[in-house]
Amino acid sequence: MNEPQTAVDWEAVVAHAPVPVQLISGTPWPELHVEAPNWPDLAQFLRTAPELQLDYLFCLTCVDWKTHLTMVYHLNHSRQERVVVVKSQLDRDQPQIASVAGIWRTAEFHEREVFEMFGVQFLGHPDLRLLILPEGWEGRNPLRKDYEDPVNMIRL
Amino acid sequence: MWSIEQIIGALNQWLQHTLGNVGAAIAAYILLGIFVILFFSVLGLVLVYMERKVSAWMQVRLGPNRVGPKGLLQTLADTLKLMSKEGLTPAGADRFLFNLAPVLMIVVSMLLLAPVAFARNVQIWDLNIGVLYVSAISSVSVLAVLIAGWSSNNKYSLLGAMRSGAQIVSYELSAGFAILTVAVLSGSLQVSQIIESQQTGWWIFRGHLPVWVATVVYLIAVTAETNRAPFDLAEAESELTAGFHTEYSGMKFALFFLAEYANVFIASAIGATLFLGGWMPLHIGNWEAFNRVMDWIPSSIWFLAKTFFLIFVIMWFRWTFPRLRIDQLLELEWKYLLPIGLVNLILATAIAVLGWHF
Amino acid sequence: MLQEITSTDTGCLTINVGPQHPSTHGVLHLVITLSGETILRVDPHLGYIHRSIEKMCESLSYRQFIYVTSRMDYLSSHINNHGCALCVEQALQIEVPPRAQVIRVLMDELTRMASHVLWWGAMAMDVGAITPFFHAFRERELINEIMEETCGARLTMNYMVPGGVMFDLHPNFQKRVKDFIPFFKSKLDEYDELLTHNIIFKQRTQHIGVLSREDAISYGVTGPTARASGWACDVRKRVPYECYDRLRFEEVVEQAGDCYARYLVRMGEMRQSLSLVEQLIDNIPQGDFQAKTKAVLKLPKGEFYSRVETARGEFGVYIVSEGGTTPYRIKFRSPGFSNLSALDHMARGHKIGDLVAIMGSLDLVIPDIDR
């Protein structure tokens, strides 16, 4: 690493955030919980706030909790180690969240994957199509807990 | 002494004796046709085997070594396999053109065999514009490639054919200039006279700088013309799968394959004729004893040795260099080889006029 | 979906590159739109080798799921296993014995070399030189033999287990590796002669597929590809795991961001890996090769994430545990997936031949992308 590490005061960050955010500490990395509609503002804030500048989205995924879905974003800075995990609960029947492909371009592919695997609709995504699943795949989202492949799935 | 010249002479006499003049001529043509076809098959077998062995040596492996002694029958087995395979024609293809292309390709290669001097006085047709004929006929092969690419109804084939068209048309010029350099020095376009002019020494030794440059330019240009790596853009297996012959299979593919090797042979044979004295043995000044020993080696051996040396060089290129990109390929021709060839031709002309060559 | 991308402009040509194509090194399917030979757009279609490993892992125990991950990036399967083992260890707070740590790093670096060597051959083949491929395999074979002796396998080694490694090193290991080091050094110089300084190769790769530092970060590109764009993103340096913080090695970073820079970074990394192996091979501490662990691993409730540097970039394992013997959800952050997402950006405006060179320089492993 080229430069000295600076610690981030996450409580101050949460206080400055433009939208209400809940900070959870005690986990390996600090976690921010945000309401889905507020996510784009928070994303923009995390990306541009001078003390943060989290420009590296290294993981984007979704977890199916049977009652709801949770989007999980792992963010980091390109030179400093300041990992933060952002989570947002989504409605399981009508999952919708804003796309962040305009902020972190890696999100474009990752969101397409989550779209087909979990059925999450990313609003404002430039090109929300199936990426991995074959053409014509409809409805069923393979990584949801209630998905059953009649052919070759190991029964849980 | 036994030589091809005497054998052919004896054969001709015997034919004339038994069949009369007209009959002998007809029989000679038939024999010639059989010879060319046989020669092509043998050539294909030998060159493919050679290529596989040469590449194997360069690539730290053994090459074919299972079928026959030292894998000698491998190519024969491959040929049998190709012959027994079904020659597929894709559904959307233009059937007539699709089937015509490989035939055209191989016919062009066969035509090119005419002025090649295999040994002293052994030549199918010693026409007075021999090298011009080679230049002219070899450009017809681009037609075959274009037809193959177009009629396959495959985008890869089309791209390969278009590349090949641009490439062959461009490199034809450089090859032509390189040939002209020697034609100017020897004062003739006839193959036998070009060889005769190298009686006292091969042009590569006598011609100074212009001939060396011409040799290099010629080698580069014919490598490009025969679509071999590093100029194998028409096939470019990592980009276009197999380029213009993607859709060909079985014997039709084999014809393309054979034509490629035949073209390499002919390009090398012409190169050997122009720059390395054809069947002319190596003579050094007035070392009488040495020259006598060299003369004792049959002329056909001399010719084949030189030709196969050049073939080896072309194979060496293929297994060493990465492939150029199409725009770089054309840049190399139009920005470098062509101007160099032109200046070189002027230099050669000056040398020929002033008699500065040895 | 094809209809959407087929342009109505008569000047465009849409071509399917793959799923069976010599230069995609597997079953990657790219739909490219061309104008003449110039690429207007590259649209990857994935999933031809998708085995839904993430879903499979949900029904496998914490000991079992590691073996599935060898099948993702099969060229650096050790490192994949390593990442998973690290994640489980982090969750259970298992202290890995020093000997196991060193063995793991040794195996990782050997794997990295084997992977880069194979990439070197494949890259050369992509730009049309076939000979280097065979030379590369000769060296890779030696590494594979070393691996085979210790791990019993050549491709999917499954050697890392939570708490250490599965067995101790083979008695021949040290000698074999010591023989290999000088041999490989001389071969690296040979590689330089054959390809690095080759003018045609330089022409084919310099200024091709330029990826700026900002774009590399934004696209989440990691590994040698990102380091060629000037982004020092090596996880081994950023968050050193195992004994990497005690080892001397340089992070190879180039600034140009083109295919040639990516090539140079990987060549440099092979030398760095070799030096790492050299530092460690005589200093393998005595002791256990595995920490004592329970037969059935139960992770506490929570979320765990581990990051390792594979030959292709940052590999992340994200485990969501509900406290059982199997993970509730696993996400593998595979480097290839993000690296591939930048392909369209890099290839636009270049020729078809360049697309092949760019794909070669990205070092894509398709099972890693599809998972």
# chains A, B, ... in the order shown; residues from 1 in each chain; ligands from 1
>>> residues_around(residues="Val235 (chain C)", least_positions_apart="2", cutoff="12 Å", atoms="only C-alpha atoms", output="MDAnalysis selection string")
(chainID A and resid 1 78:81) or (chainID C and resid 83 222:224 227 231:233 237:242 244:245 251 306:316)
>>> interface_residues(of="chain A", to="chain C", cutoff="9 Å", atoms="only C-alpha atoms", output="PyMOL selection string")
chain A and resi 1-2+27-28+55-64+78-81+103-110+129-136+142-144+153-156
>>> select_by_dssp(residues="chain A", states="alpha helix (DSSP H)", output="list in words")
Trp10, Glu11, Ala12, Val13, Val14, Ala15, His16, Trp39, Pro40, Asp41, Leu42, Ala43, Gln44, Phe45, Leu46, Arg47, Thr48, Ala107, Glu108, Phe109, His110, Glu111, Arg112, Glu113, Val114, Phe115, Glu116, Met117 and Phe118 of chain A
>>> closest_residue(among="C:Cys243, C:Ala261, C:Leu195, C:Leu362", to="chain B", atoms="only C-alpha atoms")
C:Leu195
>>> closest_residue(among="B:Ile137, B:Leu345, B:Val116, B:Met315", to="Tyr49 (chain B)", atoms="only C-alpha atoms")
B:Met315
>>> closest_atom_pairs(of="chain B", to="chain C", cutoff="9 Å", atoms="only C-alpha atoms", output="JSON lines")
{"residue": "B:Ser55", "atom": "CA", "partner": "C:Thr131", "partner_atom": "CA", "distance": 7.8}
{"residue": "B:Ala56", "atom": "CA", "partner": "C:Thr131", "partner_atom": "CA", "distance": 9.0}
{"residue": "B:Met58", "atom": "CA", "partner": "C:Thr131", "partner_atom": "CA", "distance": 7.0}
{"residue": "B:Gln59", "atom": "CA", "partner": "C:Thr131", "partner_atom": "CA", "distance": 5.3}
{"residue": "B:Val60", "atom": "CA", "partner": "C:His135", "partner_atom": "CA", "distance": 6.9}
{"residue": "B:Arg61", "atom": "CA", "partner": "C:Phe134", "partner_atom": "CA", "distance": 8.0}
{"residue": "B:Lys155", "atom": "CA", "partner": "C:Ile15", "partner_atom": "CA", "distance": 7.0}
{"residue": "B:Tyr156", "atom": "CA", "partner": "C:Ile15", "partner_atom": "CA", "distance": 8.1}
{"residue": "B:Leu159", "atom": "CA", "partner": "C:Glu37", "partner_atom": "CA", "distance": 7.9}
{"residue": "B:Ala229", "atom": "CA", "partner": "C:Gly128", "partner_atom": "CA", "distance": 7.7}
{"residue": "B:Pro230", "atom": "CA", "partner": "C:Gly128", "partner_atom": "CA", "distance": 7.3}
{"residue": "B:Asp232", "atom": "CA", "partner": "C:Gly128", "partner_atom": "CA", "distance": 8.8}
{"residue": "B:Ala236", "atom": "CA", "partner": "C:Gly128", "partner_atom": "CA", "distance": 7.3}
{"residue": "B:Glu237", "atom": "CA", "partner": "C:Pro22", "partner_atom": "CA", "distance": 6.8}
{"residue": "B:Ser238", "atom": "CA", "partner": "C:Ser23", "partner_atom": "CA", "distance": 4.9}
{"residue": "B:Glu239", "atom": "CA", "partner": "C:Gly353", "partner_atom": "CA", "distance": 6.0}
{"residue": "B:Leu240", "atom": "CA", "partner": "C:His21", "partner_atom": "CA", "distance": 8.5}
{"residue": "B:Thr241", "atom": "CA", "partner": "C:Pro22", "partner_atom": "CA", "distance": 6.3}
{"residue": "B:Arg318", "atom": "CA", "partner": "C:Ala129", "partner_atom": "CA", "distance": 7.9}
{"residue": "B:Trp319", "atom": "CA", "partner": "C:Thr131", "partner_atom": "CA", "distance": 5.8}
{"residue": "B:Thr320", "atom": "CA", "partner": "C:Ala129", "partner_atom": "CA", "distance": 6.4}
{"residue": "B:Phe321", "atom": "CA", "partner": "C:Ala129", "partner_atom": "CA", "distance": 5.4}
{"residue": "B:Pro322", "atom": "CA", "partner": "C:Ala129", "partner_atom": "CA", "distance": 4.0}
{"residue": "B:Arg323", "atom": "CA", "partner": "C:Gly128", "partner_atom": "CA", "distance": 4.5}
{"residue": "B:Leu324", "atom": "CA", "partner": "C:Ile200", "partner_atom": "CA", "distance": 6.4}
{"residue": "B:Arg325", "atom": "CA", "partner": "C:Gly353", "partner_atom": "CA", "distance": 6.0}
{"residue": "B:Ile326", "atom": "CA", "partner": "C:Gly353", "partner_atom": "CA", "distance": 7.9}
{"residue": "B:Asp327", "atom": "CA", "partner": "C:Lys351", "partner_atom": "CA", "distance": 8.8}
{"residue": "B:Gln328", "atom": "CA", "partner": "C:Gln203", "partner_atom": "CA", "distance": 8.2}
>>> residues_around(residues="Ala348 (chain B)", least_positions_apart="6", cutoff="12 Å", atoms="only C-alpha atoms", output="PyMOL selection string")
chain B and resi 177-187+203+206-214+340-342+354-357
>>> write_last_selection(atoms="N, CA and C atoms", output="PDB file, in the first residue's frame")
ATOM      1  N   PHE B 177       7.656  -7.463 -58.097  1.00  0.00           N
ATOM      2  CA  PHE B 177       8.866  -6.634 -58.146  1.00  0.00           C
ATOM      3  C   PHE B 177      10.112  -7.449 -57.849  1.00  0.00           C
ATOM      4  N   ALA B 178       9.973  -8.356 -56.896  1.00  0.00           N
ATOM      5  CA  ALA B 178      11.133  -9.187 -56.560  1.00  0.00           C
ATOM      6  C   ALA B 178      11.514 -10.055 -57.751  1.00  0.00           C
ATOM      7  N   ILE B 179      10.509 -10.582 -58.444  1.00  0.00           N
ATOM      8  CA  ILE B 179      10.778 -11.408 -59.621  1.00  0.00           C
ATOM      9  C   ILE B 179      11.420 -10.562 -60.717  1.00  0.00           C
ATOM     10  N   LEU B 180      10.886  -9.343 -60.873  1.00  0.00           N
ATOM     11  CA  LEU B 180      11.416  -8.454 -61.911  1.00  0.00           C
ATOM     12  C   LEU B 180      12.882  -8.129 -61.680  1.00  0.00           C
ATOM     13  N   THR B 181      13.256  -8.001 -60.403  1.00  0.00           N
ATOM     14  CA  THR B 181      14.651  -7.686 -60.100  1.00  0.00           C
ATOM     15  C   THR B 181      15.582  -8.693 -60.756  1.00  0.00           C
ATOM     16  N   VAL B 182      15.241  -9.956 -60.608  1.00  0.00           N
ATOM     17  CA  VAL B 182      16.089 -10.991 -61.199  1.00  0.00           C
ATOM     18  C   VAL B 182      15.925 -11.016 -62.720  1.00  0.00           C
ATOM     19  N   ALA B 183      14.690 -10.769 -63.177  1.00  0.00           N
ATOM     20  CA  ALA B 183      14.466 -10.754 -64.622  1.00  0.00           C
ATOM     21  C   ALA B 183      15.325  -9.679 -65.274  1.00  0.00           C
ATOM     22  N   VAL B 184      15.427  -8.529 -64.628  1.00  0.00           N
ATOM     23  CA  VAL B 184      16.251  -7.440 -65.160  1.00  0.00           C
ATOM     24  C   VAL B 184      17.712  -7.865 -65.211  1.00  0.00           C
ATOM     25  N   LEU B 185      18.171  -8.484 -64.134  1.00  0.00           N
ATOM     26  CA  LEU B 185      19.583  -8.866 -64.081  1.00  0.00           C
ATOM     27  C   LEU B 185      19.920  -9.932 -65.107  1.00  0.00           C
ATOM     28  N   SER B 186      19.013 -10.894 -65.262  1.00  0.00           N
ATOM     29  CA  SER B 186      19.331 -11.984 -66.180  1.00  0.00           C
ATOM     30  C   SER B 186      18.876 -11.665 -67.600  1.00  0.00           C
ATOM     31  N   GLY B 187      18.088 -10.606 -67.776  1.00  0.00           N
ATOM     32  CA  GLY B 187      17.690 -10.173 -69.105  1.00  0.00           C
ATOM     33  C   GLY B 187      16.706 -11.088 -69.789  1.00  0.00           C
ATOM     34  N   TRP B 203      22.309 -15.909 -58.410  1.00  0.00           N
ATOM     35  CA  TRP B 203      22.081 -14.467 -58.320  1.00  0.00           C
ATOM     36  C   TRP B 203      22.246 -13.943 -56.905  1.00  0.00           C
ATOM     37  N   ARG B 206      25.778 -13.155 -56.799  1.00  0.00           N
ATOM     38  CA  ARG B 206      26.317 -12.214 -57.774  1.00  0.00           C
ATOM     39  C   ARG B 206      25.614 -10.872 -57.766  1.00  0.00           C
ATOM     40  N   GLY B 207      24.410 -10.821 -57.220  1.00  0.00           N
ATOM     41  CA  GLY B 207      23.573  -9.638 -57.443  1.00  0.00           C
ATOM     42  C   GLY B 207      23.724  -8.530 -56.438  1.00  0.00           C
ATOM     43  N   HIS B 208      24.664  -8.617 -55.506  1.00  0.00           N
ATOM     44  CA  HIS B 208      24.797  -7.585 -54.475  1.00  0.00           C
ATOM     45  C   HIS B 208      23.508  -7.400 -53.684  1.00  0.00           C
ATOM     46  N   LEU B 209      23.424  -6.187 -53.119  1.00  0.00           N
ATOM     47  CA  LEU B 209      22.308  -5.835 -52.250  1.00  0.00           C
ATOM     48  C   LEU B 209      20.926  -6.026 -52.872  1.00  0.00           C
ATOM     49  N   PRO B 210      20.695  -5.564 -54.111  1.00  0.00           N
ATOM     50  CA  PRO B 210      19.324  -5.656 -54.638  1.00  0.00           C
ATOM     51  C   PRO B 210      18.773  -7.070 -54.606  1.00  0.00           C
ATOM     52  N   VAL B 211      19.598  -8.052 -54.897  1.00  0.00           N
ATOM     53  CA  VAL B 211      19.068  -9.415 -54.922  1.00  0.00           C
ATOM     54  C   VAL B 211      18.801  -9.911 -53.507  1.00  0.00           C
ATOM     55  N   TRP B 212      19.645  -9.508 -52.567  1.00  0.00           N
ATOM     56  CA  TRP B 212      19.367  -9.927 -51.188  1.00  0.00           C
ATOM     57  C   TRP B 212      18.038  -9.354 -50.732  1.00  0.00           C
ATOM     58  N   VAL B 213      17.866  -8.049 -51.022  1.00  0.00           N
ATOM     59  CA  VAL B 213      16.605  -7.412 -50.640  1.00  0.00           C
ATOM     60  C   VAL B 213      15.460  -8.112 -51.341  1.00  0.00           C
ATOM     61  N   ALA B 214      15.645  -8.377 -52.640  1.00  0.00           N
ATOM     62  CA  ALA B 214      14.572  -9.014 -53.402  1.00  0.00           C
ATOM     63  C   ALA B 214      14.246 -10.388 -52.825  1.00  0.00           C
ATOM     64  N   ILE B 340      10.152  -0.262 -50.936  1.00  0.00           N
ATOM     65  CA  ILE B 340      11.465  -0.908 -50.940  1.00  0.00           C
ATOM     66  C   ILE B 340      11.655  -1.669 -52.246  1.00  0.00           C
ATOM     67  N   GLY B 341      10.614  -2.386 -52.654  1.00  0.00           N
ATOM     68  CA  GLY B 341      10.692  -3.149 -53.895  1.00  0.00           C
ATOM     69  C   GLY B 341      10.945  -2.252 -55.096  1.00  0.00           C
ATOM     70  N   LEU B 342      10.282  -1.108 -55.124  1.00  0.00           N
ATOM     71  CA  LEU B 342      10.438  -0.184 -56.253  1.00  0.00           C
ATOM     72  C   LEU B 342      11.859   0.349 -56.330  1.00  0.00           C
ATOM     73  N   LEU B 354      24.869  -1.022 -65.840  1.00  0.00           N
ATOM     74  CA  LEU B 354      26.276  -0.693 -65.691  1.00  0.00           C
ATOM     75  C   LEU B 354      27.157  -1.932 -65.601  1.00  0.00           C
ATOM     76  N   GLY B 355      26.510  -3.082 -65.514  1.00  0.00           N
ATOM     77  CA  GLY B 355      27.283  -4.328 -65.465  1.00  0.00           C
ATOM     78  C   GLY B 355      28.086  -4.486 -64.197  1.00  0.00           C
ATOM     79  N   TRP B 356      27.556  -3.990 -63.062  1.00  0.00           N
ATOM     80  CA  TRP B 356      28.316  -4.038 -61.814  1.00  0.00           C
ATOM     81  C   TRP B 356      28.244  -5.385 -61.105  1.00  0.00           C
ATOM     82  N   HIS B 357      27.327  -6.210 -61.559  1.00  0.00           N
ATOM     83  CA  HIS B 357      27.227  -7.499 -60.870  1.00  0.00           C
ATOM     84  C   HIS B 357      28.369  -8.393 -61.301  1.00  0.00           C
TER      85      HIS B 357
END
>>> residues_around(residues="Thr246 (chain B)", least_positions_apart="3", cutoff="9 Å", atoms="only C-alpha atoms", output="list in words")
Gly149, Ser152, Asn154, Tyr156, Ser157, Glu235, Leu240, Thr241, Ala242, Gly243, Ser249 and Phe253 of chain B
>>> closest_residue(among="C:Glu193, C:Glu254, C:Asp288, C:Asp363", to="Arg213 (chain C)", atoms="only C-alpha atoms")
C:Glu254
>>> select_by_dssp(residues="chain A", states="strand (DSSP E)", output="VMD selection string")
chain A and resid 21 to 24 31 to 34 56 to 64 68 to 76 84 to 91 96 to 98 121 to 123
>>> write_last_selection(atoms="C-alpha atoms", output="CSV table (one decimal), in the first residue's frame")
chain,number,residue,atom,x,y,z
A,21,VAL,CA,-29.2,4.9,7.7
A,22,GLN,CA,-28.8,2.4,10.4
A,23,LEU,CA,-25.3,1.5,11.4
A,24,ILE,CA,-24.5,-2.0,12.7
A,31,GLU,CA,-22.9,-2.6,8.0
A,32,LEU,CA,-25.2,0.1,6.8
A,33,HIS,CA,-28.9,-0.7,6.6
A,34,VAL,CA,-30.9,1.4,4.3
A,56,TYR,CA,-14.7,-0.1,-5.7
A,57,LEU,CA,-17.8,-2.2,-5.5
A,58,PHE,CA,-16.3,-5.6,-5.1
A,59,CYS,CA,-19.3,-7.7,-4.4
A,60,LEU,CA,-23.0,-7.3,-5.1
A,61,THR,CA,-25.4,-10.0,-4.3
A,62,CYS,CA,-28.7,-10.9,-2.8
A,63,VAL,CA,-29.9,-13.3,0.0
A,64,ASP,CA,-33.3,-14.9,0.0
A,68,HIS,CA,-37.9,-11.0,2.2
A,69,LEU,CA,-34.8,-10.5,0.1
A,70,THR,CA,-31.8,-8.6,1.2
A,71,MET,CA,-29.5,-6.9,-1.3
A,72,VAL,CA,-25.9,-6.9,-0.1
A,73,TYR,CA,-23.3,-4.5,-1.5
A,74,HIS,CA,-19.7,-4.7,-0.4
A,75,LEU,CA,-17.9,-1.4,-1.0
A,76,ASN,CA,-14.3,-0.5,-0.6
A,84,VAL,CA,-18.4,-1.2,4.3
A,85,VAL,CA,-21.4,-3.5,3.7
A,86,VAL,CA,-24.6,-1.9,2.7
A,87,LYS,CA,-27.8,-3.9,3.0
A,88,SER,CA,-31.3,-3.2,1.9
A,89,GLN,CA,-34.4,-5.2,2.5
A,90,LEU,CA,-36.7,-5.8,-0.5
A,91,ASP,CA,-40.2,-7.1,-0.7
A,96,GLN,CA,-37.3,-3.4,-6.7
A,97,ILE,CA,-34.3,-1.3,-6.1
A,98,ALA,CA,-32.5,1.3,-8.0
A,121,GLN,CA,-35.9,-5.5,-10.7
A,122,PHE,CA,-33.2,-2.9,-11.0
A,123,LEU,CA,-34.7,0.4,-11.8
>>> atom_distance(atom1="CA of Ala153 (chain C)", atom2="CA of Ile181 (chain C)")
21.1 Å
>>> atom_distance(atom1="CA of Val277 (chain C)", atom2="CA of Lys175 (chain C)")
12.5 Å
